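J.: My questions all concern the structure below.
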Amino acid sequence: MGMTGARVNTSGRFERLRRACRTIRKRAGVSWYQLRRNRLTMVGLAIVMLLALVAVFAPFIAPYPGDEEGTSLGNRLKPPSREHLFGTDDLGRDVFSRVVLGARISLRVGVIAIGATMAIGIPIGAMAGFFGGWVDEAMMRLTDICLAFPHLMLALAISAALGSGLRSAMLAISLTWWPWYARLVRGQALQLRNQPFVYAARSMGATDADIILRHILPNCIGPVIVNASLDMGYIILATASLGFIGVGAQAPTPEWGLMVSTGRKFFLTSPWMALFPGLAIFVAVLGFNLLGDGLRDVFDPRSRPR
Amino acid sequence: MPDADAFLSVENLKKHFVKRDLFGREVQRLRAVDGVSFEVGRGEALGIVGESGCGKTTTAMMIMRLIEPTSGRVRLDGRDLTGLTGEQLRAVRPRFQMVFQDPGAALDPRMTVYDALEEPFRIQRKRATPDVIEGLMHRVGLDGEHLERFAHELSGGQKQRLVIARALAMEPALLVLDEPTSSLDVNVQAQILNLLGNLRRQMGLTYVLISHNLGVVRHVADRVAVMYLGRIVEVGPVGAVFASPLHPYTRALFSAIPSVRGGGERIVLEGDVPNPLRVPSGCRFRTRCPHSSPECSIGEPELTDRGNGHFVACSFA
């Protein structure tokens with residue numbers, strides 16, 4: 001009786017400890033304290049969060065959320081005013097509404113493209129670095145080939161084949177971007193595979209898959225997150241460039257690059273048409289870059305105060 | 001000198017790192033381990049000593065099947081480990097475990113103590129019950145309070161206790177200890193050595209202890225093998241080898257142990273250990289040996305019995 005009581009007691013304590021250990025692990029992901037110390041990082045985080053909120057609630061924020069709404073040809077190229085904060089464009093559409101709706105497009109493209117990029121790049125990099133030898137050689141040559149494609153040219157080719165549109169733009173970006181992730185993760189895996197803790201797992205009988213999933217990938221996560229947040233900015237910029245040269249988003253999609261491109265023709269007379277979407281691109285890229293830099297400081301062990 | 005009842009037997013183990021040019025021609029050959037043979041009885045502790053770079057750790061990694069030998073065999077309990085691959089190898093791995101030199105590096109920085117202790121069970125597809133985990137922690141003297149900590153939040157001694165606990169979780173028969181105390185403070189070293197001694201007695205473990213610290217080897221091991229440039233030059237019972245080292249290299253090495261009583265002349269060797277890329281012909285120690293003669297450059301001396309299990313590889317000792 002006393003024996004069983006004691007045993008139940010130990011298990012209970014054990015369960016509590018186990019729960020405590022889960023919370024600690026969550027806490028250890030990103031040190032909020034370190035992130036908060038850097039003012040620029042917080043500015044970046046604020047911009048990114050604002051952007052995300054705008055994207056999620058775009059139809060409620062935009063005064064004229066529908067495509068045709070508020071459109072009248074008599075209202076063309078009006079300068080910023082109380083009804084039209086950012087003015088109107090050549091078709092009489094509210095530029096502010098279109099910039100707000102554009103946030104949704106840019107973020108979605110960014111998230112999907114980053115997701116696809118990581119989904120291709122991380123497994124390839126991890127396998128190349130971990131197995132080495134001919135696997136590494138084959139995968140890295142493939143990576144080099146994909147890296148050699150200028151992404152604007154590839155985008156032109158893809159939109160020629162599949163038709164212009166955001167989907168082609170995302171495809172082109174993902175296909176030219178994943179090599180950076182493959183290289184990043186490969187470098188990490190190369191370092192990690194000779195760590196004693198990897199040898200220890202192997203000597204216990206862990207399979208290669210086990211080691212990659214439990215030891216290699218979790219230890220690569222830091223640099224990957226840093227890169228992803230920096231790249232969100234670049235991908236938004238790349239999407240905008242593709243929209244600008246006409247192979248990305250097609251009219252009437254309220255995509256920032258496309259809006260700048262259309263506004264260019266009216267720049268001397270109605271600069272607001274290109275200016276505000278351009279500013280949106282600038283702020284979004286800046287936000288992601290500031291956040292990424294801050295995250296790098298947190299994840300880079302050399303800059304981490306002990 | 002193969003022995004039927006040896007628990008671990010290592011036969012002519014070699015690891016050469018070969019660098020080849022574009023056409024597959026050999027450019028360089030680094031002889032890290034160049035024909036090592038020894039045997040360890042069940043429950044026995046063999047110490048391997050030698051300077052850094054003499055191939056001690058490479059030998060350990062080959063026994064563990066963590067690097068592939070160029071040639072030679074490793075047998076555990078009569079079973080040839082060198083031929084095993086895949087599932088077969090994974091099935092026997094629990095029998096032999098390793099304790100690493102730097103316990104900090106041997107623990108995944110993203111794992112808590114609980115994760116680290118659970119990992120061996122997960123890998124072997126066994127359930128880690130709270131009782132089992134607590135039993136393990138108790139066995140190595142770790143406090144239950146530490147379960148939620150990350151490895152880097154533990155002290156050096158606690159880390160090494162955790163590494164040992166992980167190895168014990170596999171219920172091994174052989175432990176390969178690679179400099180288990182060299183990264184620890186002196187007082188902690190003593191605790192870990194005592195722990196290792198107790199574990200061996202209680203669980204009937206067999207040890208291969210690799211160390212450059214002669215005091216540690218003397219304290220833990222029953223027999224000692226001395227390595228020089230990838231080969232064993234002398235092997236025998238700890239008492240005999242420490243009392244009367246026969247090989248000139250062993251004498252020089254042991255003369256460096258500070259003695260309370262004083263006396264005993266310090267033998268200082270000339271020059272450096274030769275580059276393992278260019279191993280001298282004949283006796284590989286002859287370039288630094290105070291007694292070398294022209295004959296030493298012809299033919300490599302084999303380990304020969306000098307009585308009571310004391311072997312030495314020198315033509316003149």
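In the structure tokens, chains take letters A, B, ... by order of appearance, with residues numbered from 1 within each chain and ligands from 1 in the order shown.
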Write out as an MDAnalysis selection string every residue belonging to chain B that has an atom at most 6 Å from any atom of chain A, counting only C-alpha atoms.

T.: chainID B and resid 90 93:94 105:108 123 148

J.: Show me, as a PyMOL selection string, the residues that have an atom within 6 Å of Gly43 of chain B when counting only C-alpha atoms, minus same-chain residues fewer than 2 positions from it.

T.: chain B and resi 204-206

J.: Emit the selected residues as a tab-separated table (two decimals), in the first residue's frame, including N, CA, C and O atoms.

T.:
chain	number	residue	atom	x	y	z
B	204	GLY	N	29.50	-5.30	-13.90
B	204	GLY	CA	30.39	-6.21	-14.61
B	204	GLY	C	30.76	-5.73	-16.00
B	204	GLY	O	30.85	-6.51	-16.94
B	205	LEU	N	30.97	-4.40	-16.14
B	205	LEU	CA	31.26	-3.83	-17.45
B	205	LEU	C	32.72	-4.07	-17.85
B	205	LEU	O	33.58	-4.26	-17.00
B	206	THR	N	32.93	-4.06	-19.14
B	206	THR	CA	34.29	-4.12	-19.67
B	206	THR	C	34.63	-2.72	-20.19
B	206	THR	O	33.80	-2.09	-20.84

J.: Using 9 Å as the limit and counting only C-alpha atoms, can you tabulate each residue of segment 176-287 of chain A that touches segment 46-65 of chain A, with its shortest atom-to-atom distance in Å and the two atoms involved, as a Markdown table?

T.:
| residue | atom | partner | partner_atom | distance |
| --- | --- | --- | --- | --- |
| A:Val283 | CA | A:Ile47 | CA | 7.5 |
| A:Ala284 | CA | A:Val48 | CA | 7.0 |
| A:Leu286 | CA | A:Ile47 | CA | 8.4 |
| A:Gly287 | CA | A:Ile47 | CA | 5.2 |

J.: Could you save the residues just selected, with all heavy atoms, as a PDB file, in the first residue's frame?

T.:
ATOM      1  N   VAL A 283       8.640  49.982 -47.411  1.00  0.00           N
ATOM      2  CA  VAL A 283       8.392  49.763 -45.977  1.00  0.00           C
ATOM      3  C   VAL A 283       8.357  48.264 -45.651  1.00  0.00           C
ATOM      4  O   VAL A 283       8.949  47.815 -44.660  1.00  0.00           O
ATOM      5  CB  VAL A 283       7.076  50.449 -45.546  1.00  0.00           C
ATOM      6  CG1 VAL A 283       6.683  50.012 -44.137  1.00  0.00           C
ATOM      7  CG2 VAL A 283       7.230  51.958 -45.604  1.00  0.00           C
ATOM      8  N   ALA A 284       7.705  47.487 -46.529  1.00  0.00           N
ATOM      9  CA  ALA A 284       7.610  46.048 -46.267  1.00  0.00           C
ATOM     10  C   ALA A 284       8.996  45.409 -46.277  1.00  0.00           C
ATOM     11  O   ALA A 284       9.358  44.645 -45.370  1.00  0.00           O
ATOM     12  CB  ALA A 284       6.716  45.392 -47.317  1.00  0.00           C
ATOM     13  N   LEU A 286      11.884  46.856 -45.842  1.00  0.00           N
ATOM     14  CA  LEU A 286      12.624  47.371 -44.692  1.00  0.00           C
ATOM     15  C   LEU A 286      12.239  46.620 -43.415  1.00  0.00           C
ATOM     16  O   LEU A 286      13.098  46.193 -42.641  1.00  0.00           O
ATOM     17  CB  LEU A 286      12.332  48.867 -44.525  1.00  0.00           C
ATOM     18  CG  LEU A 286      13.082  49.565 -43.400  1.00  0.00           C
ATOM     19  CD1 LEU A 286      14.532  49.763 -43.782  1.00  0.00           C
ATOM     20  CD2 LEU A 286      12.432  50.904 -43.076  1.00  0.00           C
ATOM     21  N   GLY A 287      10.929  46.438 -43.220  1.00  0.00           N
ATOM     22  CA  GLY A 287      10.455  45.762 -42.017  1.00  0.00           C
ATOM     23  C   GLY A 287      11.031  44.363 -41.896  1.00  0.00           C
ATOM     24  O   GLY A 287      11.568  43.993 -40.852  1.00  0.00           O
TER      25      GLY A 287
END

J.: Please determine, counting only C-alpha atoms, which residue among B:Leu277, B:Val99, B:Ala243, B:Val92 has the shortest atom-to-atom distance to Leu30 of chain B.

T.: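 Selected residue with least distance to Leu30 of chain B: B:Leu277.
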
J.: Please give the complete set of residues from segment 168-243 of chain B that DSSP, run on the backbone, assigns to strand (DSSP E or B), formatted as JSON, numbers by chain.

T.: {"B": [174, 175, 176, 177, 178, 206, 207, 208, 209, 210, 223, 224, 225, 226, 227, 228, 231, 232, 233, 234, 235, 236, 237]}
